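Okay, final03.csv is below, CSV, C-alpha atoms and all ligand atoms:
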```
chain,number,residue,atom,x,y,z
A,1474,MET,CA,-27.7,6.1,-9.1
A,1475,ASN,CA,-26.0,5.5,-12.4
A,1476,ALA,CA,-28.5,4.7,-15.1
A,1477,ALA,CA,-25.9,2.9,-17.3
A,1478,ALA,CA,-26.0,-0.9,-17.2
A,1479,PRO,CA,-23.5,-2.3,-14.7
A,1480,GLN,CA,-20.2,-3.3,-16.1
A,1481,PHE,CA,-19.3,-6.9,-15.4
A,1482,ILE,CA,-15.8,-7.9,-14.8
A,1483,GLU,CA,-14.6,-10.9,-16.8
A,1484,ALA,CA,-13.5,-13.8,-14.6
A,1485,SER,CA,-10.3,-14.1,-16.7
A,1486,SER,CA,-8.6,-11.4,-18.7
A,1487,PRO,CA,-7.6,-12.4,-22.3
A,1488,HIS,CA,-4.5,-10.2,-22.5
A,1489,VAL,CA,-3.2,-9.8,-18.9
A,1490,MET,CA,-1.1,-12.7,-17.6
A,1491,ASN,CA,-3.0,-14.9,-15.2
A,1492,THR,CA,-1.0,-14.2,-12.1
A,1493,TYR,CA,-3.7,-13.4,-9.6
A,1494,GLY,CA,-7.0,-14.9,-8.5
A,1495,ARG,CA,-8.7,-11.6,-8.5
A,1496,VAL,CA,-11.8,-10.3,-6.6
A,1497,PRO,CA,-14.4,-9.6,-9.4
A,1498,ILE,CA,-14.5,-5.9,-9.0
A,1499,ALA,CA,-12.5,-3.0,-10.5
A,1500,LEU,CA,-11.9,0.2,-8.4
A,1501,SER,CA,-12.4,3.6,-9.9
A,1502,HIS,CA,-11.6,6.2,-7.2
A,1503,GLY,CA,-11.2,6.7,-3.5
A,1504,GLN,CA,-11.5,9.2,-0.7
A,1505,GLY,CA,-9.9,8.6,2.7
A,1506,CYS,CA,-10.6,5.0,3.7
A,1507,ARG,CA,-13.4,4.6,1.2
A,1508,VAL,CA,-13.2,3.4,-2.4
A,1509,TRP,CA,-15.8,3.1,-5.2
A,1510,ASP,CA,-15.8,0.5,-8.0
A,1511,ILE,CA,-16.7,1.3,-11.6
A,1512,ASN,CA,-20.3,0.6,-10.9
A,1513,GLY,CA,-20.5,3.1,-8.1
A,1514,LYS,CA,-20.5,0.6,-5.2
A,1515,GLN,CA,-18.8,1.8,-2.1
A,1516,TYR,CA,-16.3,-0.1,0.0
A,1517,LEU,CA,-14.5,0.5,3.3
A,1518,ASP,CA,-10.8,-0.1,2.6
A,1519,ALA,CA,-9.1,-2.2,5.3
A,1520,LEU,CA,-6.4,-3.4,2.9
A,1521,ALA,CA,-5.0,0.0,1.6
A,1522,GLY,CA,-3.5,-1.6,-1.5
A,1523,ILE,CA,-1.7,-4.1,0.8
A,1524,ALA,CA,-0.3,-1.7,3.4
A,1525,VAL,CA,0.7,0.8,0.7
A,1526,ASN,CA,-1.8,3.7,0.8
A,1527,THR,CA,-0.5,5.1,4.1
A,1528,LEU,CA,-2.5,8.3,3.7
A,1529,GLY,CA,-5.6,6.6,2.3
A,1530,HIS,CA,-6.9,7.8,-1.1
A,1531,ASN,CA,-7.0,11.3,-2.5
A,1532,HIS,CA,-5.3,12.9,0.5
A,1533,PRO,CA,-5.8,16.7,0.4
A,1534,LYS,CA,-2.1,17.4,1.2
A,1535,LEU,CA,-0.5,14.7,-0.9
A,1536,VAL,CA,-2.3,15.1,-4.2
A,1537,PRO,CA,-1.3,18.8,-4.8
A,1538,ALA,CA,2.3,18.1,-3.8
A,1539,LEU,CA,2.5,15.2,-6.3
A,1540,GLN,CA,0.8,17.3,-9.0
A,1541,ASP,CA,3.4,20.0,-8.4
A,1542,GLN,CA,6.2,17.5,-8.7
A,1543,ILE,CA,4.8,15.9,-11.9
A,1544,ALA,CA,4.7,19.3,-13.6
A,1545,LYS,CA,8.4,19.9,-12.6
A,1546,LEU,CA,10.2,16.6,-13.1
A,1547,ILE,CA,9.2,13.0,-13.0
A,1548,HIS,CA,12.4,11.3,-13.8
A,1549,SER,CA,16.0,12.4,-14.4
A,1550,SER,CA,18.1,9.1,-14.0
A,1551,ASN,CA,20.8,8.4,-11.6
A,1552,TYR,CA,23.4,9.9,-13.9
A,1553,TYR,CA,22.7,13.2,-12.1
A,1554,HIS,CA,22.3,14.2,-8.5
A,1555,VAL,CA,18.7,14.0,-7.3
A,1556,PRO,CA,18.2,16.4,-4.4
A,1557,GLY,CA,15.1,14.6,-3.1
A,1558,GLN,CA,17.3,11.5,-2.5
A,1559,GLU,CA,19.5,13.3,-0.1
A,1560,GLN,CA,16.5,14.9,1.6
A,1561,LEU,CA,14.6,11.6,2.0
A,1562,ALA,CA,17.7,9.7,3.0
A,1563,ALA,CA,18.3,12.3,5.7
A,1564,LYS,CA,14.7,11.8,7.0
A,1565,LEU,CA,15.0,8.0,7.0
A,1566,VAL,CA,18.4,7.9,8.8
A,1567,GLU,CA,17.3,10.4,11.4
A,1568,ARG,CA,14.2,8.3,12.2
A,1569,SER,CA,15.9,5.0,12.1
A,1570,GLY,CA,19.2,5.8,13.8
A,1571,MET,CA,21.0,4.5,10.8
A,1572,THR,CA,23.3,6.4,8.3
A,1573,ASN,CA,22.7,5.9,4.6
A,1574,ALA,CA,20.0,4.9,2.1
A,1575,PHE,CA,19.8,3.5,-1.4
A,1576,PHE,CA,16.6,4.0,-3.4
A,1577,CYS,CA,14.8,1.6,-5.7
A,1578,SER,CA,11.2,1.1,-6.7
A,1579,THR,CA,9.8,-2.1,-5.0
A,1580,GLY,CA,10.1,-4.3,-1.9
A,1581,LEU,CA,11.8,-7.1,-3.7
A,1582,GLU,CA,14.4,-4.7,-5.1
A,1583,ALA,CA,15.1,-3.4,-1.6
A,1584,ASN,CA,15.6,-7.0,-0.4
A,1585,GLU,CA,17.7,-7.9,-3.4
A,1586,ALA,CA,20.0,-4.9,-2.5
A,1587,ALA,CA,20.1,-6.1,1.1
A,1588,LEU,CA,21.1,-9.6,0.0
A,1589,LYS,CA,23.8,-8.2,-2.3
A,1590,LEU,CA,25.1,-6.0,0.6
A,1591,ALA,CA,25.3,-9.2,2.8
A,1592,ARG,CA,27.2,-11.2,0.2
A,1593,LYS,CA,29.7,-8.3,-0.5
A,1594,PHE,CA,30.1,-7.8,3.2
A,1595,GLY,CA,31.3,-11.4,3.3
A,1596,HIS,CA,33.5,-11.2,0.2
A,1597,ASP,CA,35.1,-8.1,1.6
A,1598,LYS,CA,36.1,-10.1,4.7
A,1599,GLY,CA,37.5,-13.0,2.6
A,1600,ILE,CA,34.4,-15.2,2.8
A,1601,ASP,CA,34.0,-16.7,-0.7
A,1602,ARG,CA,30.7,-18.5,-0.1
A,1603,PRO,CA,28.7,-16.3,2.2
A,1604,GLU,CA,25.5,-17.7,3.8
A,1605,ILE,CA,22.5,-15.8,5.1
A,1606,VAL,CA,20.1,-17.0,7.8
A,1607,VAL,CA,16.4,-16.7,6.8
A,1608,TYR,CA,13.2,-17.8,8.5
A,1609,GLU,CA,10.3,-20.2,8.2
A,1610,LYS,CA,7.1,-18.6,6.7
A,1611,ALA,CA,9.1,-15.5,5.6
A,1612,PHE,CA,8.2,-13.5,2.5
A,1613,HIS,CA,10.7,-11.3,0.8
A,1614,GLY,CA,9.5,-11.1,-2.8
A,1615,ARG,CA,9.3,-12.9,-6.1
A,1616,SER,CA,12.6,-12.4,-7.8
A,1617,ILE,CA,14.8,-15.5,-8.0
A,1618,ALA,CA,16.9,-14.5,-5.0
A,1619,THR,CA,14.1,-13.2,-2.8
A,1620,LEU,CA,11.8,-16.1,-3.5
A,1621,SER,CA,14.7,-18.3,-2.5
A,1622,ALA,CA,14.9,-16.4,0.8
A,1623,THR,CA,11.1,-16.7,1.2
A,1624,GLY,CA,9.9,-19.6,3.4
A,1625,ASN,CA,6.9,-20.7,1.4
A,1626,GLU,CA,7.1,-23.6,-1.1
A,1627,LYS,CA,4.1,-22.3,-3.0
A,1628,VAL,CA,6.1,-19.2,-3.9
A,1629,GLN,CA,9.2,-21.3,-4.9
A,1630,LYS,CA,7.5,-24.2,-6.7
A,1631,GLY,CA,8.4,-24.3,-10.4
A,1632,PHE,CA,11.2,-21.8,-10.2
A,1633,GLY,CA,14.1,-24.0,-9.2
A,1634,PRO,CA,17.0,-24.2,-9.0
A,1635,LEU,CA,16.8,-21.8,-6.1
A,1636,VAL,CA,19.6,-19.5,-5.1
A,1637,GLU,CA,22.0,-21.2,-2.6
A,1638,GLY,CA,23.5,-19.7,0.5
A,1639,PHE,CA,20.4,-19.6,2.8
A,1640,ILE,CA,20.1,-21.3,6.1
A,1641,ARG,CA,16.5,-21.5,7.4
A,1642,VAL,CA,15.5,-21.4,11.0
A,1643,PRO,CA,12.2,-21.2,13.0
A,1644,LEU,CA,10.9,-17.9,14.5
A,1645,ASN,CA,11.7,-16.7,18.0
A,1646,ASP,CA,14.1,-19.6,18.9
A,1647,ILE,CA,17.5,-18.3,19.7
A,1648,ASP,CA,18.9,-21.8,20.5
A,1649,ALA,CA,17.7,-23.0,17.0
A,1650,LEU,CA,19.6,-20.1,15.5
A,1651,LYS,CA,22.8,-20.8,17.4
A,1652,LYS,CA,22.5,-24.5,16.5
A,1653,ALA,CA,21.9,-23.9,12.8
A,1654,THR,CA,25.0,-21.6,12.6
A,1655,ALA,CA,27.3,-23.4,15.0
A,1656,GLY,CA,30.9,-23.6,13.8
A,1657,ASN,CA,29.9,-22.1,10.4
A,1658,PRO,CA,32.4,-19.4,9.4
A,1659,ASN,CA,30.5,-18.5,6.3
A,1660,VAL,CA,27.5,-16.9,8.0
A,1661,VAL,CA,27.3,-13.2,7.2
A,1662,ALA,CA,23.8,-12.0,8.0
A,1663,VAL,CA,20.5,-12.8,9.7
A,1664,PHE,CA,17.5,-11.6,7.6
A,1665,PHE,CA,13.8,-11.5,8.7
A,1666,GLU,CA,10.6,-9.4,9.1
A,1667,THR,CA,9.9,-7.9,12.5
A,1668,ILE,CA,6.2,-8.9,11.9
A,1669,GLN,CA,5.9,-11.4,9.1
A,1670,GLY,CA,3.2,-10.1,6.7
A,1671,GLU,CA,2.4,-12.6,4.0
A,1672,GLY,CA,3.4,-15.4,6.4
A,1673,GLY,CA,0.3,-14.7,8.5
A,1674,ILE,CA,1.1,-11.6,10.8
A,1675,ASN,CA,3.7,-13.5,12.9
A,1676,PRO,CA,5.6,-11.1,15.2
A,1677,MET,CA,9.2,-11.7,16.4
A,1678,ARG,CA,9.3,-11.2,20.2
A,1679,ALA,CA,11.1,-8.2,21.5
A,1680,GLU,CA,13.4,-10.4,23.7
A,1681,TYR,CA,14.3,-12.5,20.6
A,1682,LEU,CA,15.2,-9.4,18.6
A,1683,ARG,CA,17.5,-8.3,21.4
A,1684,GLN,CA,19.1,-11.7,21.5
A,1685,VAL,CA,19.7,-11.7,17.7
A,1686,ARG,CA,21.1,-8.2,17.9
A,1687,GLN,CA,23.6,-9.4,20.5
A,1688,LEU,CA,24.6,-12.5,18.5
A,1689,CYS,CA,25.1,-10.4,15.4
A,1690,ASP,CA,27.4,-8.1,17.3
A,1691,GLU,CA,29.4,-11.0,18.8
A,1692,ARG,CA,29.8,-12.8,15.5
A,1693,ASP,CA,30.1,-9.8,13.2
A,1694,TRP,CA,27.0,-10.6,11.2
A,1695,LEU,CA,24.7,-8.1,9.6
A,1696,MET,CA,21.3,-7.8,11.2
A,1697,MET,CA,19.0,-7.2,8.3
A,1698,ILE,CA,15.3,-6.5,9.0
A,1699,ASP,CA,12.7,-6.5,6.2
A,1700,GLU,CA,10.3,-3.7,7.2
A,1701,VAL,CA,8.7,-3.5,3.8
A,1702,GLN,CA,5.2,-4.2,5.3
A,1703,CYS,CA,5.5,-3.6,9.0
A,1704,GLY,CA,7.5,-0.4,8.8
A,1705,MET,CA,6.6,3.3,8.1
A,1706,GLY,CA,4.6,3.9,11.2
A,1707,ARG,CA,2.1,1.1,10.8
A,1708,THR,CA,2.7,-0.4,14.2
A,1709,GLY,CA,2.8,3.0,16.0
A,1710,LYS,CA,6.6,3.5,15.7
A,1711,TRP,CA,8.5,4.4,12.5
A,1712,PHE,CA,9.8,0.9,12.3
A,1713,ALA,CA,8.4,-2.1,14.1
A,1714,HIS,CA,11.8,-3.3,15.5
A,1715,GLN,CA,12.0,0.0,17.5
A,1716,TRP,CA,9.6,-1.5,20.0
A,1717,ALA,CA,12.5,-3.8,21.0
A,1718,GLY,CA,14.9,-0.9,21.4
A,1719,ILE,CA,17.3,-2.2,18.8
A,1720,THR,CA,18.7,-0.9,15.5
A,1721,PRO,CA,19.5,-3.2,12.5
A,1722,ASP,CA,22.4,-2.9,10.2
A,1723,VAL,CA,20.3,-3.1,7.0
A,1724,MET,CA,16.6,-2.3,6.6
A,1725,PRO,CA,14.7,-2.7,3.4
A,1726,LEU,CA,11.5,-0.5,3.1
A,1727,ALA,CA,8.9,-0.1,0.4
A,1728,LYS,CA,5.1,-0.5,0.5
A,1729,GLY,CA,3.9,2.4,2.7
A,1730,LEU,CA,6.9,4.7,2.0
A,1731,GLY,CA,5.3,6.5,-0.9
A,1732,SER,CA,1.6,6.3,-0.1
A,1733,GLY,CA,1.0,4.5,-3.4
A,1734,VAL,CA,3.8,5.8,-5.6
A,1735,PRO,CA,6.2,2.9,-6.3
A,1736,ILE,CA,9.3,3.3,-4.1
A,1737,GLY,CA,11.7,1.1,-2.2
A,1738,ALA,CA,14.7,1.9,0.0
A,1739,VAL,CA,17.4,0.0,1.7
A,1740,VAL,CA,18.6,1.9,4.8
A,1741,ALA,CA,22.0,1.0,6.2
A,1742,GLY,CA,23.9,1.6,9.5
A,1743,PRO,CA,27.7,2.1,9.8
A,1744,LYS,CA,28.5,-1.6,9.3
A,1745,ALA,CA,26.8,-1.7,5.9
A,1746,ALA,CA,26.8,1.9,4.6
A,1747,ASN,CA,30.0,1.8,2.6
A,1748,ILE,CA,29.9,-1.7,1.2
A,1749,PHE,CA,28.5,-0.6,-2.2
A,1750,GLN,CA,30.9,1.4,-4.4
A,1751,PRO,CA,30.3,2.9,-7.8
A,1752,GLY,CA,29.4,0.1,-10.3
A,1753,ASN,CA,28.2,-2.4,-7.6
A,1754,HIS,CA,24.5,-1.6,-7.7
A,1755,GLY,CA,22.0,0.5,-9.5
A,1756,THR,CA,18.5,1.0,-11.0
A,1757,THR,CA,17.0,3.1,-13.7
A,1758,PHE,CA,13.8,4.2,-11.9
A,1759,GLY,CA,15.0,4.1,-8.3
A,1760,GLY,CA,15.3,7.4,-6.5
A,1761,ASN,CA,13.4,9.4,-9.2
A,1762,PRO,CA,12.1,12.9,-8.2
A,1763,LEU,CA,8.4,11.9,-8.2
A,1764,ALA,CA,9.0,8.9,-5.8
A,1765,MET,CA,11.3,11.0,-3.6
A,1766,ARG,CA,8.6,13.7,-3.3
A,1767,ALA,CA,6.0,11.0,-2.5
A,1768,GLY,CA,8.3,9.7,0.3
A,1769,LEU,CA,9.1,13.1,1.7
A,1770,GLU,CA,5.4,14.3,1.7
A,1771,THR,CA,4.3,11.0,3.3
A,1772,ILE,CA,6.7,11.5,6.2
A,1773,ARG,CA,5.8,15.2,6.5
A,1774,ILE,CA,2.1,14.6,6.5
A,1775,MET,CA,2.4,11.6,8.9
A,1776,GLU,CA,4.2,13.9,11.4
A,1777,GLU,CA,1.9,16.9,10.9
A,1778,ASP,CA,-1.2,14.9,11.4
A,1779,GLY,CA,0.1,12.6,14.1
A,1780,LEU,CA,-0.6,9.4,12.1
A,1781,MET,CA,1.8,7.1,14.0
A,1782,ALA,CA,0.0,7.9,17.3
A,1783,ASN,CA,-3.3,7.4,15.4
A,1784,ALA,CA,-2.1,4.0,14.1
A,1785,ALA,CA,-1.3,2.9,17.6
A,1786,LYS,CA,-4.6,4.2,19.0
A,1787,VAL,CA,-7.0,3.0,16.3
A,1788,GLY,CA,-5.1,-0.2,16.0
A,1789,ALA,CA,-5.5,-1.0,19.7
A,1790,HIS,CA,-9.2,0.0,19.4
A,1791,LEU,CA,-9.7,-2.3,16.4
A,1792,LYS,CA,-7.8,-5.2,17.9
A,1793,GLY,CA,-9.7,-4.8,21.2
A,1794,ALA,CA,-13.1,-4.8,19.5
A,1795,LEU,CA,-12.1,-7.9,17.4
A,1796,GLU,CA,-11.0,-9.6,20.6
A,1797,ARG,CA,-14.3,-8.8,22.4
A,1798,GLU,CA,-16.3,-10.1,19.4
A,1799,LEU,CA,-14.3,-13.1,18.3
A,1800,ALA,CA,-11.7,-14.2,20.9
A,1801,GLY,CA,-12.7,-17.6,22.4
A,1802,HIS,CA,-15.2,-18.1,19.6
A,1803,PRO,CA,-14.8,-21.8,18.5
A,1804,GLY,CA,-12.8,-21.7,15.2
A,1805,VAL,CA,-10.9,-18.5,16.0
A,1806,LYS,CA,-7.3,-19.4,16.8
A,1807,GLU,CA,-5.6,-16.1,17.5
A,1808,ILE,CA,-5.9,-12.4,17.0
A,1809,ARG,CA,-2.4,-11.0,16.5
A,1810,GLY,CA,-0.5,-7.9,15.5
A,1811,GLN,CA,0.3,-4.4,16.5
A,1812,GLY,CA,-1.1,-1.0,15.5
A,1813,LEU,CA,-2.8,-1.2,12.2
A,1814,MET,CA,-1.3,-4.5,11.2
A,1815,ILE,CA,-3.7,-7.1,12.5
A,1816,GLY,CA,-4.3,-10.8,11.7
A,1817,VAL,CA,-7.2,-12.9,12.8
A,1818,GLU,CA,-6.2,-16.6,12.4
A,1819,LEU,CA,-9.1,-19.1,11.9
A,1820,ALA,CA,-8.9,-22.8,12.4
A,1821,LYS,CA,-9.7,-23.5,8.7
A,1822,PRO,CA,-8.7,-21.9,5.3
A,1823,CYS,CA,-10.9,-18.9,4.8
A,1824,GLY,CA,-9.9,-17.4,1.4
A,1825,VAL,CA,-13.6,-17.2,0.5
A,1826,LEU,CA,-14.0,-14.4,3.0
A,1827,VAL,CA,-12.2,-12.0,0.6
A,1828,ASN,CA,-15.0,-12.1,-1.9
A,1829,ARG,CA,-17.7,-12.2,0.7
A,1830,ALA,CA,-16.3,-9.2,2.5
A,1831,ALA,CA,-16.1,-7.3,-0.8
A,1832,GLU,CA,-19.7,-8.1,-1.4
A,1833,ALA,CA,-20.6,-6.8,2.0
A,1834,GLY,CA,-18.6,-3.6,1.2
A,1835,LEU,CA,-15.3,-4.3,3.0
A,1836,LEU,CA,-11.8,-4.7,1.4
A,1837,LEU,CA,-9.4,-7.0,3.2
A,1838,SER,CA,-7.1,-10.0,2.4
A,1839,VAL,CA,-6.5,-13.5,3.6
A,1840,THR,CA,-2.9,-14.6,3.8
A,1841,ALA,CA,-1.3,-17.9,4.8
A,1842,ASP,CA,-4.6,-19.6,3.9
A,1843,SER,CA,-6.4,-18.9,7.2
A,1844,VAL,CA,-5.4,-15.5,8.5
A,1845,ILE,CA,-7.6,-12.5,7.8
A,1846,ARG,CA,-5.3,-9.5,7.3
A,1847,LEU,CA,-6.3,-5.9,8.1
A,1848,VAL,CA,-3.7,-3.3,7.1
A,1849,PRO,CA,-5.8,-0.1,6.6
A,1850,ALA,CA,-4.5,3.4,5.9
A,1851,LEU,CA,-2.9,5.1,9.0
A,1852,ILE,CA,-5.7,7.8,8.7
A,1853,MET,CA,-8.4,5.4,9.8
A,1854,THR,CA,-10.7,6.7,12.5
A,1855,GLU,CA,-12.1,4.7,15.5
A,1856,ALA,CA,-15.6,5.1,13.9
A,1857,GLU,CA,-14.3,3.5,10.7
A,1858,ALA,CA,-12.6,0.7,12.7
A,1859,ASP,CA,-15.9,0.0,14.4
A,1860,GLU,CA,-17.5,-0.2,10.9
A,1861,VAL,CA,-14.8,-2.7,9.9
A,1862,VAL,CA,-15.7,-4.8,12.9
A,1863,SER,CA,-19.5,-4.6,12.3
A,1864,LEU,CA,-19.0,-5.7,8.7
A,1865,LEU,CA,-16.4,-8.4,9.4
A,1866,VAL,CA,-17.7,-10.1,12.5
A,1867,PRO,CA,-21.0,-11.5,11.1
A,1868,LEU,CA,-19.1,-12.8,8.1
A,1869,VAL,CA,-16.7,-14.7,10.3
A,1870,ARG,CA,-19.4,-16.0,12.6
A,1871,GLN,CA,-21.4,-17.2,9.7
A,1872,PHE,CA,-18.4,-18.8,8.0
A,1873,LEU,CA,-17.4,-20.7,11.1
A,1874,ALA,CA,-20.9,-22.0,11.5
A,1875,GLU,CA,-20.7,-23.6,8.1
A,1876,ALA,CA,-19.7,-27.3,8.0
A,1901,LIG,C1,5.3,-7.1,-0.1
A,1901,LIG,C2,6.6,-7.5,0.5
A,1901,LIG,C3,7.8,-7.7,-0.2
A,1901,LIG,C4,7.8,-7.5,-1.7
A,1901,LIG,O1,7.6,-6.3,-2.1
A,1901,LIG,P1,7.2,-6.0,-3.7
A,1901,LIG,O2,7.1,-4.5,-3.8
A,1901,LIG,O3,6.0,-6.7,-4.0
A,1901,LIG,O4,8.4,-6.5,-4.5
A,1901,LIG,C5,8.9,-8.0,0.5
A,1901,LIG,N1,8.9,-8.1,1.8
A,1901,LIG,C6,7.8,-8.0,2.5
A,1901,LIG,C7,7.9,-8.1,4.0
A,1901,LIG,C8,6.6,-7.7,1.9
A,1901,LIG,O5,5.5,-7.6,2.7
```

Could you write out this file's structure as structure tokens?
Amino acid sequence: MNAAAPQFIEASSPHVMNTYGRVPIALSHGQGCRVWDINGKQYLDALAGIAVNTLGHNHPKLVPALQDQIAKLIHSSNYYHVPGQEQLAAKLVERSGMTNAFFCSTGLEANEAALKLARKFGHDKGIDRPEIVVYEKAFHGRSIATLSATGNEKVQKGFGPLVEGFIRVPLNDIDALKKATAGNPNVVAVFFETIQGEGGINPMRAEYLRQVRQLCDERDWLMMIDEVQCGMGRTGKWFAHQWAGITPDVMPLAKGLGSGVPIGAVVAGPKAANIFQPGNHGTTFGGNPLAMRAGLETIRIMEEDGLMANAAKVGAHLKGALERELAGHPGVKEIRGQGLMIGVELAKPCGVLVNRAAEAGLLLSVTADSVIRLVPALIMTEAEADEVVSLLVPLVRQFLAEA
């Protein structure tokens, strides 16, 4: 045990902007699916930095590769060719069945690039006021354009006027989509998450994805799928939409792509690959050698270690155990998700469970007010998944028993 007095974390920080209601702990280091705070308390990590730490913490293959890259070149700018960009783009297009990639540093930037692609796709066809279909409960980021595309008033409140040119529809309702776009020649794209993350782990049905694909083909719209959270192997396939056997025209990625190193990408198929020309889009940090190495090593290690199959297997195990313990329990509405992207929806807001779980030694999040979100590293074992269940279930039962 550490003899030093425990360090208390201030409830509010005097110099950091007050943008998060934070859990009152500070993490110091991690190993696999475990992390330790600055006072030495250990946690099982079922959040993985919000679906970011694909390989967990301190991965023995990733760390030396990143150290090697840092000693060679961290950043060079996009004034020069970056060989890692070509290598990572090749890996992403091979696994997605698409053709080209643009690299940036975050999810909202990848989505911003997708929105620009859709608008220019329209302008190139002579559509002066292009419109993009977006969804209820969607989350696409916090820039002005991506928060406008987001379907959550809390994210938008205080930041109007919003960007125009969005048409909002409900999930999984092809008739609603047809009706909302009927006779509108300005529609250029349909934009959604295969499994909504922040919106509460809400999956698009495979049948609906195929119907949207067909409609996009018939009407010459871009099918743009935000796989920032559900992509990169988390559901047991490289990209969650692949369960429906379809391929989008535009696919933003970020979160898990670099196992914690900031990285984003927008991957495009033939319909969208040549829309941007020199001068149309760019970024200072995007595609830097360190981020490219992180993406390349993440994919390499995932394949070497069979982590997609592991995500499918351990995810099914975790979901099965949660269903056995909680399904049908009064107050538990639904247990949803695929692979290691699981939501447990309760009948009442349950944000307090985040701090209670941390106290009990488990890191998780609550999203859409009442959905417990589990998005652990893809290296999680069945034994660790069992431990998640044994820590979480008593907290949920006790919470539901309270008035
Ligand atoms: C997290 C997230 C984003 C935003 O990514 P940032 O890196 O925070 O900008 C966009 N879309 C989805 C689906 C996300 O989960």

*Residues up to 6 Å from ligand LIG 1901 (chain A), counting all atoms listed in the file: could you list those as a PyMOL selection string?*
chain A and resi 1579-1581+1612-1614+1666+1670+1699-1702

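Computed from the coordinates, the atom CA of Ala1499 of chain A to atom CA of Glu1671 of chain A distance equals 22.9 Å.
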
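Between atom CA of Gly1673 of chain A and atom CA of Leu1644 of chain A there is a distance of 12.6 Å.
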
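Proximity of A:Leu1763, A:Leu1795, A:Ala1841, A:Ala1820 to Glu1860 of chain A, computed with only C-alpha atoms, is greatest for A:Leu1795.
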
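Taking atom CA of Pro1735 of chain A as the reference point, atom CA of Pro1751 of chain A is found at 24.1 Å.
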
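Restricting the calculation to all atoms listed in the file, the smallest distance between Leu1819 of chain A and any of A:Leu1873, A:Ala1611, A:Val1566, A:Ile1600 is found for A:Leu1873.
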
*What lies within 10 Å of Thr1720 of chain A using only C-alpha atoms, ignoring chain neighbours under 3 positions off, as a VMD selection string?*
chain A and resid 1569 to 1571 1682 to 1683 1686 1696 to 1698 1712 1714 to 1715 1717 1723 to 1724 1742

*Lys1627 of chain A environment, 12 Å, only C-alpha atoms, sequence neighbours closer than 6 positions dropped, as a count of residues only*: 9

*Nearest to Ala1591 of chain A among A:Ile1808, A:Asn1747, A:Gln1560, A:Ile1498, with distances taken over only C-alpha atoms: which residue is it?*
A:Asn1747

Could you please fill out segment 1677-1686 of chain A with N, CA, C and O atoms and send it back as a PDB file, in the coordinates of the input?
```
ATOM      1  N   MET A1677       8.008 -11.252  15.638  1.00  0.00           N
ATOM      2  CA  MET A1677       9.200 -11.700  16.400  1.00  0.00           C
ATOM      3  C   MET A1677       9.062 -11.026  17.776  1.00  0.00           C
ATOM      4  O   MET A1677       8.696  -9.857  17.886  1.00  0.00           O
ATOM      5  N   ARG A1678       9.382 -11.774  18.811  1.00  0.00           N
ATOM      6  CA  ARG A1678       9.300 -11.200  20.200  1.00  0.00           C
ATOM      7  C   ARG A1678      10.430 -10.261  20.436  1.00  0.00           C
ATOM      8  O   ARG A1678      11.552 -10.441  19.946  1.00  0.00           O
ATOM      9  N   ALA A1679      10.150  -9.234  21.248  1.00  0.00           N
ATOM     10  CA  ALA A1679      11.100  -8.200  21.500  1.00  0.00           C
ATOM     11  C   ALA A1679      12.411  -8.823  22.139  1.00  0.00           C
ATOM     12  O   ALA A1679      13.539  -8.459  21.776  1.00  0.00           O
ATOM     13  N   GLU A1680      12.221  -9.767  23.046  1.00  0.00           N
ATOM     14  CA  GLU A1680      13.400 -10.400  23.700  1.00  0.00           C
ATOM     15  C   GLU A1680      14.233 -11.134  22.648  1.00  0.00           C
ATOM     16  O   GLU A1680      15.464 -11.064  22.680  1.00  0.00           O
ATOM     17  N   TYR A1681      13.585 -11.795  21.696  1.00  0.00           N
ATOM     18  CA  TYR A1681      14.300 -12.500  20.600  1.00  0.00           C
ATOM     19  C   TYR A1681      15.110 -11.509  19.774  1.00  0.00           C
ATOM     20  O   TYR A1681      16.264 -11.748  19.428  1.00  0.00           O
ATOM     21  N   LEU A1682      14.487 -10.372  19.454  1.00  0.00           N
ATOM     22  CA  LEU A1682      15.200  -9.400  18.600  1.00  0.00           C
ATOM     23  C   LEU A1682      16.445  -8.889  19.339  1.00  0.00           C
ATOM     24  O   LEU A1682      17.487  -8.705  18.710  1.00  0.00           O
ATOM     25  N   ARG A1683      16.356  -8.716  20.666  1.00  0.00           N
ATOM     26  CA  ARG A1683      17.500  -8.300  21.400  1.00  0.00           C
ATOM     27  C   ARG A1683      18.608  -9.366  21.427  1.00  0.00           C
ATOM     28  O   ARG A1683      19.796  -9.084  21.319  1.00  0.00           O
ATOM     29  N   GLN A1684      18.177 -10.615  21.540  1.00  0.00           N
ATOM     30  CA  GLN A1684      19.100 -11.700  21.500  1.00  0.00           C
ATOM     31  C   GLN A1684      19.837 -11.831  20.154  1.00  0.00           C
ATOM     32  O   GLN A1684      21.050 -12.055  20.085  1.00  0.00           O
ATOM     33  N   VAL A1685      19.084 -11.638  19.075  1.00  0.00           N
ATOM     34  CA  VAL A1685      19.700 -11.700  17.700  1.00  0.00           C
ATOM     35  C   VAL A1685      20.650 -10.539  17.538  1.00  0.00           C
ATOM     36  O   VAL A1685      21.731 -10.704  16.968  1.00  0.00           O
ATOM     37  N   ARG A1686      20.244  -9.356  18.037  1.00  0.00           N
ATOM     38  CA  ARG A1686      21.100  -8.200  17.900  1.00  0.00           C
ATOM     39  C   ARG A1686      22.488  -8.497  18.599  1.00  0.00           C
ATOM     40  O   ARG A1686      23.560  -8.233  18.048  1.00  0.00           O
TER      41      ARG A1686
END
```
